[in-house]
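To be precise, the following lines are query-v7.cif, and they hold mmCIF, C-alpha atoms and all ligand atoms; chains and numbers go by the auth columns.
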data_start
loop_
_atom_site.group_PDB
_atom_site.id
_atom_site.type_symbol
_atom_site.label_atom_id
_atom_site.label_comp_id
_atom_site.label_asym_id
_atom_site.label_seq_id
_atom_site.Cartn_x
_atom_site.Cartn_y
_atom_site.Cartn_z
_atom_site.B_iso_or_equiv
_atom_site.auth_seq_id
_atom_site.auth_asym_id
ATOM 1 C CA MET A 1 0.365 -20.781 -2.427 0.00 1 A
ATOM 2 C CA PRO A 2 2.220 -17.654 -3.572 0.00 2 A
ATOM 3 C CA TYR A 3 0.159 -14.748 -4.801 0.00 3 A
ATOM 4 C CA GLU A 4 -0.515 -12.945 -8.064 0.00 4 A
ATOM 5 C CA VAL A 5 -0.185 -9.169 -7.917 0.00 5 A
ATOM 6 C CA HIS A 6 -2.267 -6.914 -10.165 0.00 6 A
ATOM 7 C CA VAL A 7 -2.030 -3.144 -10.117 0.00 7 A
ATOM 8 C CA ILE A 8 -5.634 -2.083 -10.764 0.00 8 A
ATOM 9 C CA SER A 9 -4.709 1.572 -11.140 0.00 9 A
ATOM 10 C CA SER A 10 -1.275 3.157 -10.951 0.00 10 A
ATOM 11 C CA GLY A 11 -1.083 6.207 -8.692 0.00 11 A
ATOM 12 C CA TYR A 12 0.299 9.584 -9.663 0.00 12 A
ATOM 13 C CA SER A 13 1.122 12.960 -8.168 0.00 13 A
ATOM 14 C CA ASN A 14 2.044 16.041 -10.150 0.00 14 A
ATOM 15 C CA ASN A 15 3.542 19.328 -9.187 0.00 15 A
ATOM 16 C CA HIS A 16 1.426 21.970 -7.566 0.00 16 A
ATOM 17 C CA SER A 17 -0.181 24.405 -9.946 0.00 17 A
ATOM 18 C CA GLU A 18 -2.258 27.354 -8.774 0.00 18 A
ATOM 19 C CA GLY A 19 -2.557 25.924 -5.287 0.00 19 A
ATOM 20 C CA CYS A 20 -3.593 22.433 -6.414 0.00 20 A
ATOM 21 C CA MET A 21 -1.672 19.161 -6.564 0.00 21 A
ATOM 22 C CA TYR A 22 -3.128 16.481 -8.809 0.00 22 A
ATOM 23 C CA ALA A 23 -2.887 13.081 -7.156 0.00 23 A
ATOM 24 C CA ASN A 24 -4.563 9.727 -6.795 0.00 24 A
ATOM 25 C CA SER A 25 -3.277 6.600 -5.103 0.00 25 A
ATOM 26 C CA THR A 26 -2.328 3.202 -6.469 0.00 26 A
ATOM 27 C CA CYS A 27 -4.958 0.468 -6.101 0.00 27 A
ATOM 28 C CA THR A 28 -3.596 -3.084 -5.981 0.00 28 A
ATOM 29 C CA LEU A 29 -5.267 -6.496 -6.067 0.00 29 A
ATOM 30 C CA LEU A 30 -3.575 -9.550 -4.511 0.00 30 A
ATOM 31 C CA VAL A 31 -4.966 -12.946 -5.484 0.00 31 A
ATOM 32 C CA GLY A 32 -3.992 -16.150 -3.697 0.00 32 A
ATOM 33 C CA MET A 33 -5.361 -17.974 -0.673 0.00 33 A
ATOM 34 C CA HIS A 34 -7.273 -14.736 -0.006 0.00 34 A
ATOM 35 C CA ASN A 35 -8.425 -11.924 -2.269 0.00 35 A
ATOM 36 C CA ILE A 36 -6.970 -8.673 -0.974 0.00 36 A
ATOM 37 C CA VAL A 37 -7.339 -5.066 -2.130 0.00 37 A
ATOM 38 C CA VAL A 38 -4.795 -2.455 -1.072 0.00 38 A
ATOM 39 C CA ASP A 39 -5.934 1.214 -1.160 0.00 39 A
ATOM 40 C CA THR A 40 -9.188 2.299 -2.797 0.00 40 A
ATOM 41 C CA LEU A 41 -8.435 5.591 -4.621 0.00 41 A
ATOM 42 C CA ASN A 42 -10.590 8.695 -4.133 0.00 42 A
ATOM 43 C CA PRO A 43 -14.398 8.577 -3.958 0.00 43 A
ATOM 44 C CA TRP A 44 -14.723 9.753 -7.575 0.00 44 A
ATOM 45 C CA SER A 45 -12.857 6.653 -8.800 0.00 45 A
ATOM 46 C CA LYS A 46 -15.410 4.046 -7.762 0.00 46 A
ATOM 47 C CA ASP A 47 -15.904 2.743 -11.309 0.00 47 A
ATOM 48 C CA VAL A 48 -12.142 2.318 -11.777 0.00 48 A
ATOM 49 C CA VAL A 49 -12.000 0.025 -8.738 0.00 49 A
ATOM 50 C CA ILE A 50 -15.035 -2.036 -9.754 0.00 50 A
ATOM 51 C CA ALA A 51 -13.907 -2.380 -13.398 0.00 51 A
ATOM 52 C CA GLY A 52 -10.389 -3.308 -12.277 0.00 52 A
ATOM 53 C CA LEU A 53 -11.684 -6.195 -10.195 0.00 53 A
ATOM 54 C CA GLU A 54 -13.986 -7.331 -12.997 0.00 54 A
ATOM 55 C CA ARG A 55 -10.982 -7.607 -15.331 0.00 55 A
ATOM 56 C CA HIS A 56 -9.762 -10.328 -12.980 0.00 56 A
ATOM 57 C CA GLY A 57 -13.122 -12.040 -12.657 0.00 57 A
ATOM 58 C CA LEU A 58 -13.881 -10.673 -9.194 0.00 58 A
ATOM 59 C CA SER A 59 -16.577 -8.550 -7.620 0.00 59 A
ATOM 60 C CA CYS A 60 -16.233 -6.428 -4.495 0.00 60 A
ATOM 61 C CA ASP A 61 -17.996 -9.127 -2.470 0.00 61 A
ATOM 62 C CA ASP A 62 -15.197 -11.587 -3.338 0.00 62 A
ATOM 63 C CA ILE A 63 -12.641 -9.536 -1.406 0.00 63 A
ATOM 64 C CA ASN A 64 -11.660 -11.009 1.978 0.00 64 A
ATOM 65 C CA PHE A 65 -9.312 -8.290 3.229 0.00 65 A
ATOM 66 C CA LEU A 66 -9.122 -4.597 2.481 0.00 66 A
ATOM 67 C CA VAL A 67 -5.919 -2.846 3.491 0.00 67 A
ATOM 68 C CA CYS A 68 -5.532 0.939 3.351 0.00 68 A
ATOM 69 C CA THR A 69 -1.910 1.916 3.839 0.00 69 A
ATOM 70 C CA HIS A 70 -3.009 5.071 5.700 0.00 70 A
ATOM 71 C CA GLY A 71 -6.057 7.251 6.151 0.00 71 A
ATOM 72 C CA HIS A 72 -5.650 9.934 3.474 0.00 72 A
ATOM 73 C CA SER A 73 -8.716 10.539 1.318 0.00 73 A
ATOM 74 C CA ASP A 74 -7.224 9.224 -1.935 0.00 74 A
ATOM 75 C CA HIS A 75 -6.399 5.881 -0.299 0.00 75 A
ATOM 76 C CA VAL A 76 -9.727 5.162 1.440 0.00 76 A
ATOM 77 C CA GLY A 77 -12.319 6.651 -0.929 0.00 77 A
ATOM 78 C CA ASN A 78 -14.139 3.434 -1.838 0.00 78 A
ATOM 79 C CA ASN A 79 -13.849 1.307 1.288 0.00 79 A
ATOM 80 C CA ASN A 80 -17.632 1.225 1.362 0.00 80 A
ATOM 81 C CA LEU A 81 -17.598 -1.191 -1.608 0.00 81 A
ATOM 82 C CA PHE A 82 -16.005 -3.960 0.455 0.00 82 A
ATOM 83 C CA LEU A 83 -18.574 -4.896 3.072 0.00 83 A
ATOM 84 C CA ARG A 84 -17.632 -8.590 3.279 0.00 84 A
ATOM 85 C CA ALA A 85 -13.959 -7.875 3.878 0.00 85 A
ATOM 86 C CA LYS A 86 -12.084 -7.341 7.107 0.00 86 A
ATOM 87 C CA HIS A 87 -10.740 -3.781 6.964 0.00 87 A
ATOM 88 C CA ILE A 88 -7.212 -2.831 7.986 0.00 88 A
ATOM 89 C CA VAL A 89 -6.966 0.964 7.707 0.00 89 A
ATOM 90 C CA GLY A 90 -3.609 2.157 8.965 0.00 90 A
ATOM 91 C CA PHE A 91 -3.349 0.660 12.459 0.00 91 A
ATOM 92 C CA ASP A 92 -7.114 -0.031 12.786 0.00 92 A
ATOM 93 C CA VAL A 93 -8.438 -3.543 12.177 0.00 93 A
ATOM 94 C CA SER A 94 -12.221 -3.805 11.977 0.00 94 A
ATOM 95 C CA PHE A 95 -15.277 -5.587 10.649 0.00 95 A
ATOM 96 C CA GLU A 96 -18.617 -3.802 10.880 0.00 96 A
ATOM 97 C CA ASN A 97 -18.635 -2.160 14.313 0.00 97 A
ATOM 98 C CA CYS A 98 -16.073 -4.507 15.853 0.00 98 A
ATOM 99 C CA PHE A 99 -12.542 -3.155 16.254 0.00 99 A
ATOM 100 C CA TYR A 100 -9.985 -5.860 16.914 0.00 100 A
ATOM 101 C CA ASP A 101 -7.003 -5.489 19.234 0.00 101 A
ATOM 102 C CA HIS A 102 -3.828 -5.463 17.213 0.00 102 A
ATOM 103 C CA ASP A 103 -0.532 -4.050 18.379 0.00 103 A
ATOM 104 C CA PHE A 104 0.859 -2.433 15.216 0.00 104 A
ATOM 105 C CA LYS A 105 2.124 0.321 17.538 0.00 105 A
ATOM 106 C CA ASN A 106 4.690 -2.042 19.009 0.00 106 A
ATOM 107 C CA GLY A 107 5.708 -3.452 15.640 0.00 107 A
ATOM 108 C CA VAL A 108 3.561 -6.588 15.606 0.00 108 A
ATOM 109 C CA PRO A 109 2.797 -7.729 12.018 0.00 109 A
ATOM 110 C CA TYR A 110 -0.742 -8.764 11.084 0.00 110 A
ATOM 111 C CA VAL A 111 -0.394 -12.151 9.415 0.00 111 A
ATOM 112 C CA ILE A 112 -3.108 -12.825 6.819 0.00 112 A
ATOM 113 C CA ASP A 113 -1.609 -16.168 5.753 0.00 113 A
ATOM 114 C CA ASP A 114 1.808 -17.758 5.087 0.00 114 A
ATOM 115 C CA ASP A 115 2.368 -15.492 2.075 0.00 115 A
ATOM 116 C CA VAL A 116 0.902 -12.160 3.161 0.00 116 A
ATOM 117 C CA LYS A 117 1.480 -9.992 6.170 0.00 117 A
ATOM 118 C CA VAL A 118 0.750 -6.378 7.000 0.00 118 A
ATOM 119 C CA ILE A 119 3.522 -4.569 8.840 0.00 119 A
ATOM 120 C CA PRO A 120 3.650 -1.129 10.464 0.00 120 A
ATOM 121 C CA THR A 121 5.734 1.372 8.452 0.00 121 A
ATOM 122 C CA PRO A 122 4.879 4.801 9.935 0.00 122 A
ATOM 123 C CA GLY A 123 6.399 8.147 9.063 0.00 123 A
ATOM 124 C CA HIS A 124 4.296 9.554 6.215 0.00 124 A
ATOM 125 C CA THR A 125 1.556 9.524 8.860 0.00 125 A
ATOM 126 C CA HIS A 126 1.766 8.158 12.397 0.00 126 A
ATOM 127 C CA ALA A 127 -0.034 4.959 11.392 0.00 127 A
ATOM 128 C CA ASP A 128 1.054 3.722 7.939 0.00 128 A
ATOM 129 C CA VAL A 129 1.210 0.036 7.067 0.00 129 A
ATOM 130 C CA SER A 130 2.744 -1.901 4.157 0.00 130 A
ATOM 131 C CA VAL A 131 1.647 -5.249 2.742 0.00 131 A
ATOM 132 C CA ILE A 132 4.431 -7.788 2.205 0.00 132 A
ATOM 133 C CA VAL A 133 3.446 -10.534 -0.226 0.00 133 A
ATOM 134 C CA GLN A 134 5.281 -13.550 -1.643 0.00 134 A
ATOM 135 C CA THR A 135 4.721 -13.956 -5.379 0.00 135 A
ATOM 136 C CA HIS A 136 5.850 -16.401 -8.066 0.00 136 A
ATOM 137 C CA LYS A 137 6.542 -13.767 -10.652 0.00 137 A
ATOM 138 C CA TYR A 138 8.206 -10.946 -8.703 0.00 138 A
ATOM 139 C CA GLY A 139 9.535 -12.558 -5.510 0.00 139 A
ATOM 140 C CA VAL A 140 8.771 -10.449 -2.440 0.00 140 A
ATOM 141 C CA VAL A 141 6.559 -7.464 -3.265 0.00 141 A
ATOM 142 C CA ALA A 142 5.977 -4.599 -0.821 0.00 142 A
ATOM 143 C CA VAL A 143 2.764 -2.662 -1.394 0.00 143 A
ATOM 144 C CA ALA A 144 4.052 0.321 0.514 0.00 144 A
ATOM 145 C CA GLY A 145 1.608 3.206 0.114 0.00 145 A
ATOM 146 C CA ASP A 146 3.223 6.579 0.593 0.00 146 A
ATOM 147 C CA LEU A 147 6.264 5.226 2.396 0.00 147 A
ATOM 148 C CA PHE A 148 7.489 5.566 -1.191 0.00 148 A
ATOM 149 C CA GLU A 149 5.804 8.241 -3.305 0.00 149 A
ATOM 150 C CA LYS A 150 7.312 6.898 -6.564 0.00 150 A
ATOM 151 C CA GLU A 151 10.597 5.386 -7.764 0.00 151 A
ATOM 152 C CA GLU A 152 12.071 8.826 -8.470 0.00 152 A
ATOM 153 C CA ASP A 153 11.951 9.713 -4.776 0.00 153 A
ATOM 154 C CA LEU A 154 14.971 7.449 -4.194 0.00 154 A
ATOM 155 C CA VAL A 155 17.179 9.948 -6.004 0.00 155 A
ATOM 156 C CA ASP A 156 15.174 13.049 -5.054 0.00 156 A
ATOM 157 C CA PRO A 157 14.058 12.758 -1.395 0.00 157 A
ATOM 158 C CA SER A 158 12.160 16.059 -1.611 0.00 158 A
ATOM 159 C CA ILE A 159 9.480 14.100 -3.499 0.00 159 A
ATOM 160 C CA TRP A 160 8.564 12.036 -0.411 0.00 160 A
ATOM 161 C CA LYS A 161 9.537 14.582 2.218 0.00 161 A
ATOM 162 C CA VAL A 162 7.975 17.725 0.734 0.00 162 A
ATOM 163 C CA ASN A 163 5.638 16.885 -2.176 0.00 163 A
ATOM 164 C CA GLY A 164 4.273 13.719 -0.553 0.00 164 A
ATOM 165 C CA GLY A 165 4.473 15.207 2.903 0.00 165 A
ATOM 166 C CA SER A 166 6.070 13.390 5.814 0.00 166 A
ATOM 167 C CA GLU A 167 4.931 13.742 9.411 0.00 167 A
ATOM 168 C CA GLN A 168 8.092 12.082 10.752 0.00 168 A
ATOM 169 C CA PRO A 169 10.851 12.001 8.101 0.00 169 A
ATOM 170 C CA GLN A 170 13.470 10.229 10.236 0.00 170 A
ATOM 171 C CA LEU A 171 11.066 7.467 11.130 0.00 171 A
ATOM 172 C CA GLN A 172 9.920 7.184 7.515 0.00 172 A
ATOM 173 C CA GLU A 173 13.527 6.973 6.340 0.00 173 A
ATOM 174 C CA SER A 174 14.203 4.039 8.664 0.00 174 A
ATOM 175 C CA TYR A 175 11.190 2.113 7.323 0.00 175 A
ATOM 176 C CA ARG A 176 12.132 2.928 3.735 0.00 176 A
ATOM 177 C CA THR A 177 15.502 1.286 4.431 0.00 177 A
ATOM 178 C CA LYS A 178 13.825 -1.746 5.964 0.00 178 A
ATOM 179 C CA ILE A 179 11.571 -2.241 2.930 0.00 179 A
ATOM 180 C CA ILE A 180 14.401 -1.763 0.390 0.00 180 A
ATOM 181 C CA LYS A 181 16.346 -4.496 2.207 0.00 181 A
ATOM 182 C CA LEU A 182 13.518 -7.023 2.234 0.00 182 A
ATOM 183 C CA ALA A 183 11.654 -6.422 -1.060 0.00 183 A
ATOM 184 C CA ASP A 184 12.379 -7.427 -4.660 0.00 184 A
ATOM 185 C CA TYR A 185 9.716 -5.047 -5.992 0.00 185 A
ATOM 186 C CA ILE A 186 7.946 -2.052 -4.468 0.00 186 A
ATOM 187 C CA ILE A 187 4.500 -0.729 -5.359 0.00 187 A
ATOM 188 C CA PRO A 188 4.579 2.922 -4.248 0.00 188 A
ATOM 189 C CA GLY A 189 1.615 5.116 -3.347 0.00 189 A
ATOM 190 C CA HIS A 190 1.786 7.422 -6.353 0.00 190 A
ATOM 191 C CA GLY A 191 3.735 5.749 -9.157 0.00 191 A
ATOM 192 C CA PRO A 192 4.219 2.463 -11.049 0.00 192 A
ATOM 193 C CA MET A 193 5.691 -0.682 -9.480 0.00 193 A
ATOM 194 C CA PHE A 194 9.486 -0.758 -9.624 0.00 194 A
ATOM 195 C CA LYS A 195 12.273 -3.299 -9.115 0.00 195 A
ATOM 196 C CA VAL A 196 14.576 -2.864 -6.136 0.00 196 A
ATOM 197 C CA THR A 197 18.015 -2.922 -7.742 0.00 197 A
ATOM 198 C CA GLU A 198 21.318 -4.029 -6.191 0.00 198 A
ATOM 199 C CA LYS A 199 22.361 -0.395 -6.386 0.00 199 A
ATOM 200 C CA MET A 200 19.396 0.641 -4.229 0.00 200 A
ATOM 201 C CA LYS A 201 20.140 -2.137 -1.730 0.00 201 A
ATOM 202 C CA ASN A 202 23.831 -1.193 -1.542 0.00 202 A
ATOM 203 C CA HIS A 203 22.917 2.424 -1.037 0.00 203 A
ATOM 204 C CA VAL A 204 21.071 1.671 2.227 0.00 204 A
ATOM 205 C CA LYS A 205 23.583 -0.844 3.616 0.00 205 A
HETATM 206 ZN ZN ZN B . -1.065 9.274 -1.019 0.00 301 A
#
Before anything else, please render the file you have as structure tokens.
Amino acid sequence: MPYEVHVISSGYSNNHSEGCMYANSTCTLLVGMHNIVVDTLNPWSKDVVIAGLERHGLSCDDINFLVCTHGHSDHVGNNNLFLRAKHIVGFDVSFENCFYDHDFKNGVPYVIDDDVKVIPTPGHTHADVSVIVQTHKYGVVAVAGDLFEKEEDLVDPSIWKVNGGSEQPQLQESYRTKIIKLADYIIPGHGPMFKVTEKMKNHVK
């Protein structure tokens, strides 16, 4: 059963001003065989997360899997709301105090069901993941966290390399290419969902 994708809150990041960059992540809800939340904003955005789920008739206790694309504070701020979900935070898979063995390090995807898998896409940090989901409406959607800062970073790489910050730019570049090849739409960490055009796909061939 292919999934529905709902962006609960679209992320943003603005230029530095007086030593401060304004940013919050994208929070995404996937509804299908499982209810899945990807990234939970900063701790001050709790009500945004709860209200976003309510708009789709769900409460935090209805969520089966929580995925945080990496460990930065604006992506994990409300994990505490999802105590019935299995948590996948970067390369860590856990429930309560049990950490499960999973070999993201060697490229092994975490398969949630036939339509959703979590794959390792490091570079922004050493342990980023992306969620690949099959949908009716958009085809293959990659919820990619800060692998992509926003659509504009395809024409201006300084946005993901410098503004977003990249621990390993070469590695990140290789995973960006992989995702552009396989996805029809990308939900980036700090901007609205965008369509992967033929031009973008040709560019990385
Ligand atoms: Zn971020």
Taking (4.9, -2.8, -1.1) as a centre in this file's frame and 10 Å as the limit, can you find every polymer residue with an atom that close, using all atoms listed in the file, and give them as an mmCIF file with C-alpha atoms, keeping the file's coordinate frame?
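As written to disk, out.cif reads:
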data_model
loop_
_atom_site.group_PDB
_atom_site.id
_atom_site.type_symbol
_atom_site.label_atom_id
_atom_site.label_comp_id
_atom_site.auth_asym_id
_atom_site.auth_seq_id
_atom_site.Cartn_x
_atom_site.Cartn_y
_atom_site.Cartn_z
ATOM 1 C CA THR A 28 -3.596 -3.084 -5.981
ATOM 2 C CA VAL A 38 -4.795 -2.455 -1.072
ATOM 3 C CA THR A 69 -1.910 1.916 3.839
ATOM 4 C CA VAL A 118 0.750 -6.378 7.000
ATOM 5 C CA VAL A 129 1.210 0.036 7.067
ATOM 6 C CA SER A 130 2.744 -1.901 4.157
ATOM 7 C CA VAL A 131 1.647 -5.249 2.742
ATOM 8 C CA ILE A 132 4.431 -7.788 2.205
ATOM 9 C CA VAL A 133 3.446 -10.534 -0.226
ATOM 10 C CA VAL A 140 8.771 -10.449 -2.440
ATOM 11 C CA VAL A 141 6.559 -7.464 -3.265
ATOM 12 C CA ALA A 142 5.977 -4.599 -0.821
ATOM 13 C CA VAL A 143 2.764 -2.662 -1.394
ATOM 14 C CA ALA A 144 4.052 0.321 0.514
ATOM 15 C CA GLY A 145 1.608 3.206 0.114
ATOM 16 C CA ASP A 146 3.223 6.579 0.593
ATOM 17 C CA LEU A 147 6.264 5.226 2.396
ATOM 18 C CA PHE A 148 7.489 5.566 -1.191
ATOM 19 C CA ILE A 179 11.571 -2.241 2.930
ATOM 20 C CA ILE A 180 14.401 -1.763 0.390
ATOM 21 C CA ALA A 183 11.654 -6.422 -1.060
ATOM 22 C CA ASP A 184 12.379 -7.427 -4.660
ATOM 23 C CA TYR A 185 9.716 -5.047 -5.992
ATOM 24 C CA ILE A 186 7.946 -2.052 -4.468
ATOM 25 C CA ILE A 187 4.500 -0.729 -5.359
ATOM 26 C CA PRO A 188 4.579 2.922 -4.248
ATOM 27 C CA GLY A 189 1.615 5.116 -3.347
ATOM 28 C CA MET A 193 5.691 -0.682 -9.480
ATOM 29 C CA PHE A 194 9.486 -0.758 -9.624
#
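Put simply, CA of Val89 in chain A is 11.6 Å away from CA of Gly77 in chain A.
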Interatomic distance (Å, one decimal) between CA of Leu81 in chain A and CA of Cys60 in chain A: 6.1 Å
Residues of chain A that approach ligand ZN 301 (chain A) to 12 Å or less, counting only C-alpha atoms and all ligand atoms: could you list each one with the shortest pair of atoms and its distance in Å to one decimal, rows by chain and increasing residue number, as JSON lines?
{"residue": "A:Ser10", "atom": "CA", "partner": "A:ZN301", "partner_atom": "ZN", "distance": 11.7}
{"residue": "A:Gly11", "atom": "CA", "partner": "A:ZN301", "partner_atom": "ZN", "distance": 8.3}
{"residue": "A:Tyr12", "atom": "CA", "partner": "A:ZN301", "partner_atom": "ZN", "distance": 8.8}
{"residue": "A:Ser13", "atom": "CA", "partner": "A:ZN301", "partner_atom": "ZN", "distance": 8.3}
{"residue": "A:Asn14", "atom": "CA", "partner": "A:ZN301", "partner_atom": "ZN", "distance": 11.8}
{"residue": "A:Met21", "atom": "CA", "partner": "A:ZN301", "partner_atom": "ZN", "distance": 11.4}
{"residue": "A:Tyr22", "atom": "CA", "partner": "A:ZN301", "partner_atom": "ZN", "distance": 10.8}
{"residue": "A:Ala23", "atom": "CA", "partner": "A:ZN301", "partner_atom": "ZN", "distance": 7.4}
{"residue": "A:Asn24", "atom": "CA", "partner": "A:ZN301", "partner_atom": "ZN", "distance": 6.8}
{"residue": "A:Ser25", "atom": "CA", "partner": "A:ZN301", "partner_atom": "ZN", "distance": 5.4}
{"residue": "A:Thr26", "atom": "CA", "partner": "A:ZN301", "partner_atom": "ZN", "distance": 8.3}
{"residue": "A:Cys27", "atom": "CA", "partner": "A:ZN301", "partner_atom": "ZN", "distance": 10.9}
{"residue": "A:Asp39", "atom": "CA", "partner": "A:ZN301", "partner_atom": "ZN", "distance": 9.4}
{"residue": "A:Thr40", "atom": "CA", "partner": "A:ZN301", "partner_atom": "ZN", "distance": 10.9}
{"residue": "A:Leu41", "atom": "CA", "partner": "A:ZN301", "partner_atom": "ZN", "distance": 9.0}
{"residue": "A:Asn42", "atom": "CA", "partner": "A:ZN301", "partner_atom": "ZN", "distance": 10.0}
{"residue": "A:Cys68", "atom": "CA", "partner": "A:ZN301", "partner_atom": "ZN", "distance": 10.4}
{"residue": "A:Thr69", "atom": "CA", "partner": "A:ZN301", "partner_atom": "ZN", "distance": 8.9}
{"residue": "A:His70", "atom": "CA", "partner": "A:ZN301", "partner_atom": "ZN", "distance": 8.2}
{"residue": "A:Gly71", "atom": "CA", "partner": "A:ZN301", "partner_atom": "ZN", "distance": 9.0}
{"residue": "A:His72", "atom": "CA", "partner": "A:ZN301", "partner_atom": "ZN", "distance": 6.5}
{"residue": "A:Ser73", "atom": "CA", "partner": "A:ZN301", "partner_atom": "ZN", "distance": 8.1}
{"residue": "A:Asp74", "atom": "CA", "partner": "A:ZN301", "partner_atom": "ZN", "distance": 6.2}
{"residue": "A:His75", "atom": "CA", "partner": "A:ZN301", "partner_atom": "ZN", "distance": 6.4}
{"residue": "A:Val76", "atom": "CA", "partner": "A:ZN301", "partner_atom": "ZN", "distance": 9.9}
{"residue": "A:Gly77", "atom": "CA", "partner": "A:ZN301", "partner_atom": "ZN", "distance": 11.6}
{"residue": "A:His124", "atom": "CA", "partner": "A:ZN301", "partner_atom": "ZN", "distance": 9.0}
{"residue": "A:Thr125", "atom": "CA", "partner": "A:ZN301", "partner_atom": "ZN", "distance": 10.2}
{"residue": "A:Asp128", "atom": "CA", "partner": "A:ZN301", "partner_atom": "ZN", "distance": 10.7}
{"residue": "A:Ala144", "atom": "CA", "partner": "A:ZN301", "partner_atom": "ZN", "distance": 10.4}
{"residue": "A:Gly145", "atom": "CA", "partner": "A:ZN301", "partner_atom": "ZN", "distance": 6.7}
{"residue": "A:Asp146", "atom": "CA", "partner": "A:ZN301", "partner_atom": "ZN", "distance": 5.3}
{"residue": "A:Leu147", "atom": "CA", "partner": "A:ZN301", "partner_atom": "ZN", "distance": 9.0}
{"residue": "A:Phe148", "atom": "CA", "partner": "A:ZN301", "partner_atom": "ZN", "distance": 9.3}
{"residue": "A:Glu149", "atom": "CA", "partner": "A:ZN301", "partner_atom": "ZN", "distance": 7.3}
{"residue": "A:Lys150", "atom": "CA", "partner": "A:ZN301", "partner_atom": "ZN", "distance": 10.3}
{"residue": "A:Ile159", "atom": "CA", "partner": "A:ZN301", "partner_atom": "ZN", "distance": 11.9}
{"residue": "A:Trp160", "atom": "CA", "partner": "A:ZN301", "partner_atom": "ZN", "distance": 10.0}
{"residue": "A:Asn163", "atom": "CA", "partner": "A:ZN301", "partner_atom": "ZN", "distance": 10.2}
{"residue": "A:Gly164", "atom": "CA", "partner": "A:ZN301", "partner_atom": "ZN", "distance": 7.0}
{"residue": "A:Gly165", "atom": "CA", "partner": "A:ZN301", "partner_atom": "ZN", "distance": 9.0}
{"residue": "A:Ser166", "atom": "CA", "partner": "A:ZN301", "partner_atom": "ZN", "distance": 10.7}
{"residue": "A:Pro188", "atom": "CA", "partner": "A:ZN301", "partner_atom": "ZN", "distance": 9.1}
{"residue": "A:Gly189", "atom": "CA", "partner": "A:ZN301", "partner_atom": "ZN", "distance": 5.5}
{"residue": "A:His190", "atom": "CA", "partner": "A:ZN301", "partner_atom": "ZN", "distance": 6.3}
{"residue": "A:Gly191", "atom": "CA", "partner": "A:ZN301", "partner_atom": "ZN", "distance": 10.1}
Point-to-point distance in Å for CA of Glu151 in chain A and CA of Ile88 in chain A: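 The value is 25.2 Å.
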Nearby residues (all atoms listed in the file) at most 8 Å from His126 in chain A, same-chain spacing under 3 positions excluded, as a PyMOL selection string: chain A and resi 122-123+167-168
Nearest to Gln134 in chain A by atom-to-atom distance, counting only C-alpha atoms, from A:Asp114, A:Glu152, A:Glu18, A:Asp47: A:Asp114
Best match for closeness to Pro120 in chain A among A:Tyr3, A:Tyr175, A:Phe82, A:Tyr100, counting all atoms listed in the file: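 With all atoms listed in the file as the atom set, the closest residue is A:Tyr175.
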A:His6, A:Val37, A:Arg84, A:Asp156 ranked by distance to Arg55 in chain A, top pick (using only C-alpha atoms): A:His6
Option closest in space to Gln170 in chain A, from A:His16, A:Asn80, A:Val108, A:Thr121 [counting all atoms listed in the file]: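 The closest residue to Gln170 in chain A is A:Thr121.
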